[in-house]
$ cat protein.csv   # CSV, C-alpha atoms
chain,number,residue,atom,x,y,z
K,56,MET,CA,90.3,106.6,91.6
K,57,ALA,CA,92.6,104.9,89.1
K,58,HIS,CA,96.0,103.2,89.2
K,59,THR,CA,98.8,104.9,87.4
K,60,GLU,CA,101.6,103.4,85.3
K,61,ALA,CA,105.0,104.8,86.0
K,62,PRO,CA,107.0,106.2,83.0
K,63,GLY,CA,108.8,103.4,81.4
K,64,ALA,CA,106.8,100.8,83.3
K,65,GLY,CA,107.1,97.1,82.7
K,66,GLY,CA,110.3,95.7,84.1
K,67,ARG,CA,112.0,98.4,86.1
K,68,LYS,CA,113.6,96.9,89.2
K,69,PRO,CA,114.9,98.1,92.5
K,70,GLY,CA,118.6,98.1,93.0
K,71,SER,CA,121.4,97.8,90.6
K,72,GLY,CA,124.0,95.3,89.6
K,73,PRO,CA,123.6,91.7,88.5
K,74,PRO,CA,120.2,90.0,88.9
K,75,HIS,CA,119.5,88.1,92.0
K,76,ARG,CA,117.1,85.7,90.2
K,77,LEU,CA,117.3,82.0,90.2
K,78,VAL,CA,114.0,81.3,88.3
K,79,ASP,CA,112.3,82.3,85.1
K,80,VAL,CA,108.7,82.4,86.4
K,81,GLN,CA,107.1,85.8,86.4
K,82,ILE,CA,107.6,87.5,89.8
K,83,ILE,CA,105.7,90.7,90.7
K,84,ALA,CA,106.7,92.6,93.8
K,85,LEU,CA,103.7,94.1,95.7
K,86,THR,CA,104.5,96.7,98.3
K,87,GLY,CA,103.0,99.5,100.3
K,88,GLY,CA,103.2,101.1,103.7
K,89,ILE,CA,101.4,100.0,106.8
K,90,ALA,CA,97.6,100.4,106.4
K,91,SER,CA,97.9,101.2,102.7
K,92,GLY,CA,95.6,98.3,101.7
K,93,LYS,CA,98.3,96.1,100.3
K,94,SER,CA,96.9,93.0,102.0
K,95,THR,CA,93.6,93.5,100.3
K,96,VAL,CA,95.3,93.7,97.0
K,97,SER,CA,97.3,90.6,97.7
K,98,ARG,CA,94.2,88.6,98.6
K,99,ARG,CA,92.5,89.7,95.4
K,100,LEU,CA,95.4,88.6,93.3
K,101,ALA,CA,95.4,85.3,95.0
K,102,GLN,CA,91.7,84.9,94.2
K,103,HIS,CA,92.6,85.4,90.5
K,104,GLY,CA,95.1,82.6,90.8
K,105,ALA,CA,98.4,84.2,91.6
K,106,VAL,CA,100.8,82.4,93.9
K,107,VAL,CA,101.4,84.8,96.8
K,108,VAL,CA,104.7,84.6,98.7
K,109,ASP,CA,104.2,86.6,101.9
K,110,ALA,CA,107.3,88.2,103.2
K,111,ASP,CA,105.8,88.9,106.6
K,112,ARG,CA,105.1,85.2,107.1
K,113,LEU,CA,108.6,84.4,106.0
K,114,ALA,CA,109.9,87.0,108.5
K,115,ARG,CA,108.2,85.1,111.3
K,116,GLU,CA,109.6,81.8,110.1
K,117,VAL,CA,113.2,82.9,109.9
K,118,VAL,CA,113.2,84.0,113.6
K,119,GLU,CA,111.4,81.0,115.1
K,120,PRO,CA,113.1,79.2,118.0
K,121,GLY,CA,116.2,77.4,117.0
K,122,THR,CA,116.9,79.5,113.9
K,123,PRO,CA,120.1,81.4,113.2
K,124,GLY,CA,118.0,84.6,112.8
K,125,LEU,CA,116.6,84.4,116.4
K,126,ALA,CA,120.1,83.7,117.7
K,127,ALA,CA,121.4,86.8,116.0
K,128,ILE,CA,118.6,88.9,117.3
K,129,ARG,CA,119.3,87.6,120.9
K,130,ARG,CA,123.0,88.5,120.6
K,131,ARG,CA,122.2,92.0,119.4
K,132,PHE,CA,119.2,92.9,121.5
K,133,GLY,CA,119.6,90.7,124.6
K,134,ASP,CA,117.3,88.4,126.5
K,135,ALA,CA,114.7,91.1,127.0
K,136,VAL,CA,113.3,90.4,123.5
K,137,ILE,CA,113.0,86.7,124.1
K,138,GLY,CA,109.8,85.4,125.7
K,139,PRO,CA,109.5,82.7,128.5
K,140,ASP,CA,108.9,80.0,125.9
K,141,GLY,CA,112.1,80.9,124.0
K,142,SER,CA,110.3,82.7,121.1
K,143,LEU,CA,110.7,86.2,119.9
K,144,ASP,CA,108.9,88.8,122.0
K,145,ARG,CA,107.8,91.0,119.1
K,146,ALA,CA,106.3,93.7,121.3
K,147,ALA,CA,109.5,94.1,123.2
K,148,LEU,CA,111.6,94.2,120.1
K,149,GLY,CA,109.2,96.6,118.4
K,150,ALA,CA,109.4,98.9,121.4
K,151,ILE,CA,113.1,99.2,120.8
K,152,VAL,CA,113.5,99.4,117.0
K,153,PHE,CA,110.5,101.7,116.2
K,154,ARG,CA,112.1,104.3,118.4
K,155,ASP,CA,115.7,103.9,117.2
K,156,PRO,CA,116.5,104.0,113.5
K,157,GLU,CA,119.9,102.6,114.1
K,158,ALA,CA,118.5,99.6,116.0
K,159,LEU,CA,115.9,99.1,113.2
K,160,ALA,CA,118.6,99.1,110.6
K,161,GLU,CA,120.6,96.5,112.6
K,162,LEU,CA,117.5,94.3,112.9
K,163,ASN,CA,116.8,94.6,109.1
K,164,ALA,CA,120.4,93.6,108.4
K,165,ILE,CA,119.7,90.3,110.3
K,166,THR,CA,116.2,89.5,108.9
K,167,HIS,CA,116.2,90.8,105.3
K,168,PRO,CA,118.8,88.5,103.9
K,169,ALA,CA,117.2,85.5,105.6
K,170,VAL,CA,113.8,86.4,104.3
K,171,TRP,CA,115.1,86.9,100.8
K,172,ARG,CA,116.7,83.4,100.8
K,173,ALA,CA,113.4,81.9,102.0
K,174,ALA,CA,111.5,83.8,99.3
K,175,GLN,CA,113.7,82.5,96.6
K,176,ALA,CA,113.1,79.0,97.8
K,177,ARG,CA,109.3,79.6,97.5
K,178,PHE,CA,109.8,81.1,94.0
K,179,GLU,CA,111.6,77.9,92.9
K,180,GLN,CA,108.8,75.8,94.3
K,181,ALA,CA,106.2,77.9,92.5
K,182,GLU,CA,108.0,77.5,89.2
K,183,ALA,CA,108.4,73.7,89.7
K,184,ALA,CA,104.6,73.4,90.2
K,185,ASP,CA,103.6,75.7,87.3
K,186,PRO,CA,106.2,77.3,85.0
K,187,ASP,CA,103.5,79.8,83.8
K,188,ALA,CA,102.5,80.9,87.3
K,189,VAL,CA,102.3,84.6,88.3
K,190,VAL,CA,104.1,84.9,91.6
K,191,ILE,CA,103.3,87.9,93.8
K,192,TYR,CA,106.0,88.7,96.3
K,193,ASP,CA,104.0,90.5,99.0
K,194,VAL,CA,106.7,92.6,100.7
K,195,PRO,CA,105.9,95.7,102.8
K,196,LEU,CA,109.6,96.7,103.2
K,197,LEU,CA,110.7,96.4,99.6
K,198,VAL,CA,112.5,99.7,99.5
K,199,GLU,CA,114.3,98.9,102.8
K,200,ALA,CA,115.2,95.4,101.7
K,201,SER,CA,116.7,96.5,98.4
K,202,GLN,CA,119.0,99.1,99.8
K,203,ASP,CA,121.9,96.7,100.5
K,204,ARG,CA,121.4,94.4,97.5
K,205,PRO,CA,119.6,94.4,94.2
K,206,LEU,CA,116.3,92.6,94.1
K,207,HIS,CA,115.0,92.1,90.6
K,208,PHE,CA,111.4,91.6,89.6
K,209,ASP,CA,109.4,91.7,86.4
K,210,ARG,CA,107.2,94.4,87.8
K,211,VAL,CA,106.7,96.4,91.0
K,212,ILE,CA,103.2,97.4,92.2
K,213,VAL,CA,102.9,100.0,94.9
K,214,VAL,CA,99.7,100.5,96.9
K,215,GLU,CA,99.4,103.9,98.6
K,216,ALA,CA,97.0,106.0,100.6
K,217,ASP,CA,97.3,109.4,102.2
K,218,ARG,CA,99.2,109.5,105.4
K,219,GLN,CA,96.2,110.8,107.4
K,220,GLU,CA,94.0,108.1,106.0
K,221,ARG,CA,96.5,105.5,107.1
K,222,ILE,CA,96.7,106.9,110.6
K,223,ARG,CA,93.0,106.8,110.8
K,224,ARG,CA,92.9,103.1,109.8
K,225,LEU,CA,95.6,102.2,112.3
K,226,VAL,CA,93.8,104.0,115.1
K,227,GLU,CA,90.3,102.8,114.3
K,228,ALA,CA,91.0,99.3,112.9
K,229,ARG,CA,94.1,98.2,114.9
K,230,GLY,CA,93.6,100.2,118.1
K,231,MET,CA,96.9,102.1,118.0
K,232,SER,CA,97.3,105.5,119.5
K,233,GLU,CA,97.8,108.2,117.0
K,234,GLU,CA,101.4,108.7,118.3
K,235,GLU,CA,102.2,105.0,117.7
K,236,ALA,CA,100.5,105.1,114.3
K,237,ARG,CA,102.7,108.0,113.3
K,238,ARG,CA,105.8,106.3,114.6
K,239,ARG,CA,105.1,103.1,112.7
K,240,ILE,CA,104.5,105.0,109.4
K,241,GLY,CA,107.6,107.2,110.0
K,242,ALA,CA,109.8,104.1,110.5
K,243,GLN,CA,109.0,102.9,106.9
K,244,ALA,CA,110.0,104.3,103.5
K,245,ASP,CA,107.9,107.2,102.4
K,246,ASP,CA,105.6,107.5,99.4
K,247,GLU,CA,108.3,109.2,97.3
K,248,GLN,CA,110.7,106.4,97.9
K,249,ARG,CA,108.2,103.7,97.0
K,250,ARG,CA,107.0,105.5,93.9
K,251,ALA,CA,110.7,105.7,92.7
K,252,ILE,CA,110.7,101.9,92.3
K,253,ALA,CA,107.1,101.5,91.1
K,254,ASP,CA,105.9,100.3,87.7
K,255,VAL,CA,102.3,100.7,88.8
K,256,VAL,CA,100.8,102.8,91.6
K,257,ILE,CA,97.4,101.8,93.0
K,258,ASP,CA,95.6,104.7,94.8
K,259,ASN,CA,93.7,103.4,97.8
K,260,ASN,CA,92.0,106.5,99.1
K,261,GLY,CA,88.7,105.5,97.8
K,262,SER,CA,86.3,102.6,98.4
K,263,THR,CA,87.1,98.9,98.5
K,264,THR,CA,85.1,98.4,95.3
K,265,ASP,CA,87.3,101.0,93.6
K,266,LEU,CA,90.4,99.3,94.9
K,267,LEU,CA,89.4,95.9,93.7
K,268,ARG,CA,88.5,97.3,90.3
K,269,GLN,CA,92.0,98.6,89.9
K,270,VAL,CA,93.4,95.2,90.9
K,271,ASP,CA,91.2,93.4,88.4
K,272,GLU,CA,92.4,95.7,85.6
K,273,ILE,CA,96.0,95.1,86.5
K,274,TRP,CA,95.5,91.3,86.6
K,275,SER,CA,94.1,91.3,83.2
K,276,ARG,CA,97.4,92.5,81.9
K,277,LEU,CA,99.6,90.4,84.1
K,278,ARG,CA,98.3,86.9,83.3
K,279,PRO,CA,99.5,86.5,79.7
K,280,ARG,CA,103.2,86.7,79.9
$ encode --input "protein.csv" --output "structure tokens"
Amino acid sequence: MAHTEAPGAGGRKPGSGPPHRLVDVQIIALTGGIASGKSTVSRRLAQHGAVVVDADRLAREVVEPGTPGLAAIRRRFGDAVIGPDGSLDRAALGAIVFRDPEALAELNAITHPAVWRAAQARFEQAEAADPDAVVIYDVPLLVEASQDRPLHFDRVIVVEADRQERIRRLVEARGMSEEEARRRIGAQADDEQRRAIADVVIDNNGSTTDLLRQVDEIWSRLRPR
């Protein structure tokens, strides 16, 4: 397998309108659906020296107890999604939003802006530490997050695998039922939507060795700005 360069690759960006960029450091968006192998790609890029900003980690931080994000979720979804210790009950919230597209959209409207603000703070920190750094913004919901505001990057890398392969991984590696795996995949953007914003598409239907080879080739072109 080999990665592919999208036509006109090298700076196409999700969204439209004025740039939402506060820094000059090189920022590469890395995205892919659940069980696509995106996390493996992210780890490999970090091994090469990239600064990885993990949107999933930020998403947890912005809904910690005492944050405006958690307060907004509580107002919208009620006490049923709050655990005994005052933290977010992710399982309870997931049971609601992954069955209801409107509820998921409302959750995203709460969390996505908060995550983006936190990400920009991390970008600024990375630039202050090393103006020549390559920053990888590891963000599974890039398509969804860019629907209501333009997010601008130097390059967008999409990791993808066939739907059935992703279902197999979720069932075998994460213990999901096939029904739940299909529901989780269906709640995210599809391959066509992700390819539409991609500068580079990494095919992860093969072996881990093949995946890492593709990542190494991409890194060799990313490092010199």
$ atom_distance --input "protein.csv" --atom1 "CA of Leu266 in chain K" --atom2 "CA of Glu233 in chain K"
24.9 Å
$ atom_distance --input "protein.csv" --atom1 "CA of Glu179 in chain K" --atom2 "CA of Thr122 in chain K"
21.7 Å
$ closest_residue --input "protein.csv" --among "K:Glu234, K:Glu247, K:Asp258, K:Glu215" --to "Ala90 in chain K" --atoms "all atoms listed in the file"
K:Glu215
$ axis_aligned_box --input "protein.csv" --around "range 87-96 of chain K" --padding-each-side "4 Å" --output "AutoDock Vina command-line options"
--center_x 98.4 --center_y 97.1 --center_z 101.9 --size_x 17.6 --size_y 16.2 --size_z 17.8
$ atom_distance --input "protein.csv" --atom1 "CA of Ile137 in chain K" --atom2 "CA of Val118 in chain K"
10.8 Å
$ residues_around --input "protein.csv" --residues "Ala200 in chain K" --least-positions-apart "5" --cutoff "12 Å" --atoms "all atoms listed in the file" --output "MDAnalysis selection string"
chainID K and resid 69:70 84 86 110 160 162:171 194:195 205:207 243:244 249
$ closest_residue --input "protein.csv" --among "K:Phe153, K:Glu161, K:Arg210, K:Ala174" --to "Ile273 in chain K" --atoms "only C-alpha atoms"
K:Arg210
$ closest_residue --input "protein.csv" --among "K:Arg278, K:Arg177, K:Arg115, K:Arg99" --to "Leu143 in chain K" --atoms "all atoms listed in the file"
K:Arg115
$ residues_around --input "protein.csv" --residues "Glu235 in chain K" --least-positions-apart "5" --cutoff "9 Å" --atoms "only C-alpha atoms" --output "VMD selection string"
chain K and resid 225 to 226 240
$ closest_atom_pairs --input "protein.csv" --of "range 112-207 of chain K" --to "range 78-83 of chain K" --cutoff "6 Å" --atoms "only C-alpha atoms" --output "tab-separated table"
residue	atom	partner	partner_atom	distance
K:Glu182	CA	K:Val80	CA	5.7
K:Pro186	CA	K:Val80	CA	5.8
K:Val189	CA	K:Gln81	CA	5.3
K:Val190	CA	K:Ile82	CA	4.7
K:Ile191	CA	K:Ile83	CA	4.8
K:Tyr192	CA	K:Ile83	CA	6.0
$ residues_around --input "protein.csv" --residues "Trp274 in chain K" --least-positions-apart "3" --cutoff "10 Å" --atoms "all atoms listed in the file" --output "list of chain:residue names"
K:Arg99, K:Leu100, K:His103, K:Gly104, K:Ala105, K:Val189, K:Arg268, K:Gln269, K:Val270, K:Asp271, K:Leu277, K:Arg278, K:Pro279
$ closest_residue --input "protein.csv" --among "K:Ile151, K:Pro123, K:Val108, K:Gly87" --to "Ala135 in chain K" --atoms "only C-alpha atoms"
K:Ile151
$ build_atoms --input "protein.csv" --residues "range 107-130 of chain K" --atoms "N, CA and C atoms" --output "PDB file, keeping the file's coordinate frame"
ATOM      1  N   VAL K 107     100.940  83.678  95.932  1.00  0.00           N
ATOM      2  CA  VAL K 107     101.400  84.800  96.800  1.00  0.00           C
ATOM      3  C   VAL K 107     102.462  84.237  97.758  1.00  0.00           C
ATOM      4  N   VAL K 108     103.605  84.893  97.753  1.00  0.00           N
ATOM      5  CA  VAL K 108     104.700  84.600  98.700  1.00  0.00           C
ATOM      6  C   VAL K 108     104.690  85.797  99.684  1.00  0.00           C
ATOM      7  N   ASP K 109     104.364  85.533 100.930  1.00  0.00           N
ATOM      8  CA  ASP K 109     104.200  86.600 101.900  1.00  0.00           C
ATOM      9  C   ASP K 109     105.449  86.806 102.729  1.00  0.00           C
ATOM     10  N   ALA K 110     106.085  87.953 102.528  1.00  0.00           N
ATOM     11  CA  ALA K 110     107.300  88.200 103.200  1.00  0.00           C
ATOM     12  C   ALA K 110     107.165  88.340 104.714  1.00  0.00           C
ATOM     13  N   ASP K 111     106.018  88.845 105.169  1.00  0.00           N
ATOM     14  CA  ASP K 111     105.800  88.900 106.600  1.00  0.00           C
ATOM     15  C   ASP K 111     105.752  87.543 107.238  1.00  0.00           C
ATOM     16  N   ARG K 112     105.128  86.607 106.548  1.00  0.00           N
ATOM     17  CA  ARG K 112     105.100  85.200 107.100  1.00  0.00           C
ATOM     18  C   ARG K 112     106.489  84.631 107.099  1.00  0.00           C
ATOM     19  N   LEU K 113     107.251  84.876 106.044  1.00  0.00           N
ATOM     20  CA  LEU K 113     108.600  84.400 106.000  1.00  0.00           C
ATOM     21  C   LEU K 113     109.453  85.022 107.132  1.00  0.00           C
ATOM     22  N   ALA K 114     109.178  86.313 107.403  1.00  0.00           N
ATOM     23  CA  ALA K 114     109.900  87.000 108.500  1.00  0.00           C
ATOM     24  C   ALA K 114     109.675  86.377 109.813  1.00  0.00           C
ATOM     25  N   ARG K 115     108.486  85.841 110.008  1.00  0.00           N
ATOM     26  CA  ARG K 115     108.200  85.100 111.300  1.00  0.00           C
ATOM     27  C   ARG K 115     108.926  83.779 111.296  1.00  0.00           C
ATOM     28  N   GLU K 116     108.941  83.104 110.146  1.00  0.00           N
ATOM     29  CA  GLU K 116     109.600  81.800 110.100  1.00  0.00           C
ATOM     30  C   GLU K 116     111.067  81.845 110.348  1.00  0.00           C
ATOM     31  N   VAL K 117     111.736  82.873 109.828  1.00  0.00           N
ATOM     32  CA  VAL K 117     113.200  82.900 109.900  1.00  0.00           C
ATOM     33  C   VAL K 117     113.688  83.327 111.319  1.00  0.00           C
ATOM     34  N   VAL K 118     112.762  83.682 112.223  1.00  0.00           N
ATOM     35  CA  VAL K 118     113.200  84.000 113.600  1.00  0.00           C
ATOM     36  C   VAL K 118     112.450  83.078 114.605  1.00  0.00           C
ATOM     37  N   GLU K 119     112.010  81.916 114.137  1.00  0.00           N
ATOM     38  CA  GLU K 119     111.400  81.000 115.100  1.00  0.00           C
ATOM     39  C   GLU K 119     112.503  80.383 115.969  1.00  0.00           C
ATOM     40  N   PRO K 120     112.112  79.839 117.118  1.00  0.00           N
ATOM     41  CA  PRO K 120     113.100  79.200 118.000  1.00  0.00           C
ATOM     42  C   PRO K 120     113.991  78.238 117.318  1.00  0.00           C
ATOM     43  N   GLY K 121     115.279  78.327 117.578  1.00  0.00           N
ATOM     44  CA  GLY K 121     116.200  77.400 117.000  1.00  0.00           C
ATOM     45  C   GLY K 121     116.839  77.888 115.681  1.00  0.00           C
ATOM     46  N   THR K 122     116.364  79.014 115.140  1.00  0.00           N
ATOM     47  CA  THR K 122     116.900  79.500 113.900  1.00  0.00           C
ATOM     48  C   THR K 122     118.098  80.425 114.107  1.00  0.00           C
ATOM     49  N   PRO K 123     118.983  80.493 113.113  1.00  0.00           N
ATOM     50  CA  PRO K 123     120.100  81.400 113.200  1.00  0.00           C
ATOM     51  C   PRO K 123     119.625  82.884 113.363  1.00  0.00           C
ATOM     52  N   GLY K 124     118.488  83.188 112.754  1.00  0.00           N
ATOM     53  CA  GLY K 124     118.000  84.600 112.800  1.00  0.00           C
ATOM     54  C   GLY K 124     117.640  84.958 114.261  1.00  0.00           C
ATOM     55  N   LEU K 125     116.959  84.093 114.981  1.00  0.00           N
ATOM     56  CA  LEU K 125     116.600  84.400 116.400  1.00  0.00           C
ATOM     57  C   LEU K 125     117.867  84.501 117.223  1.00  0.00           C
ATOM     58  N   ALA K 126     118.822  83.619 116.979  1.00  0.00           N
ATOM     59  CA  ALA K 126     120.100  83.700 117.700  1.00  0.00           C
ATOM     60  C   ALA K 126     120.788  84.993 117.532  1.00  0.00           C
ATOM     61  N   ALA K 127     120.774  85.485 116.281  1.00  0.00           N
ATOM     62  CA  ALA K 127     121.400  86.800 116.000  1.00  0.00           C
ATOM     63  C   ALA K 127     120.716  87.921 116.661  1.00  0.00           C
ATOM     64  N   ILE K 128     119.389  87.877 116.672  1.00  0.00           N
ATOM     65  CA  ILE K 128     118.600  88.900 117.300  1.00  0.00           C
ATOM     66  C   ILE K 128     118.899  88.922 118.845  1.00  0.00           C
ATOM     67  N   ARG K 129     118.990  87.755 119.414  1.00  0.00           N
ATOM     68  CA  ARG K 129     119.300  87.600 120.900  1.00  0.00           C
ATOM     69  C   ARG K 129     120.636  88.220 121.187  1.00  0.00           C
ATOM     70  N   ARG K 130     121.620  87.925 120.346  1.00  0.00           N
ATOM     71  CA  ARG K 130     123.000  88.500 120.600  1.00  0.00           C
ATOM     72  C   ARG K 130     122.968  89.981 120.528  1.00  0.00           C
TER      73      ARG K 130
END
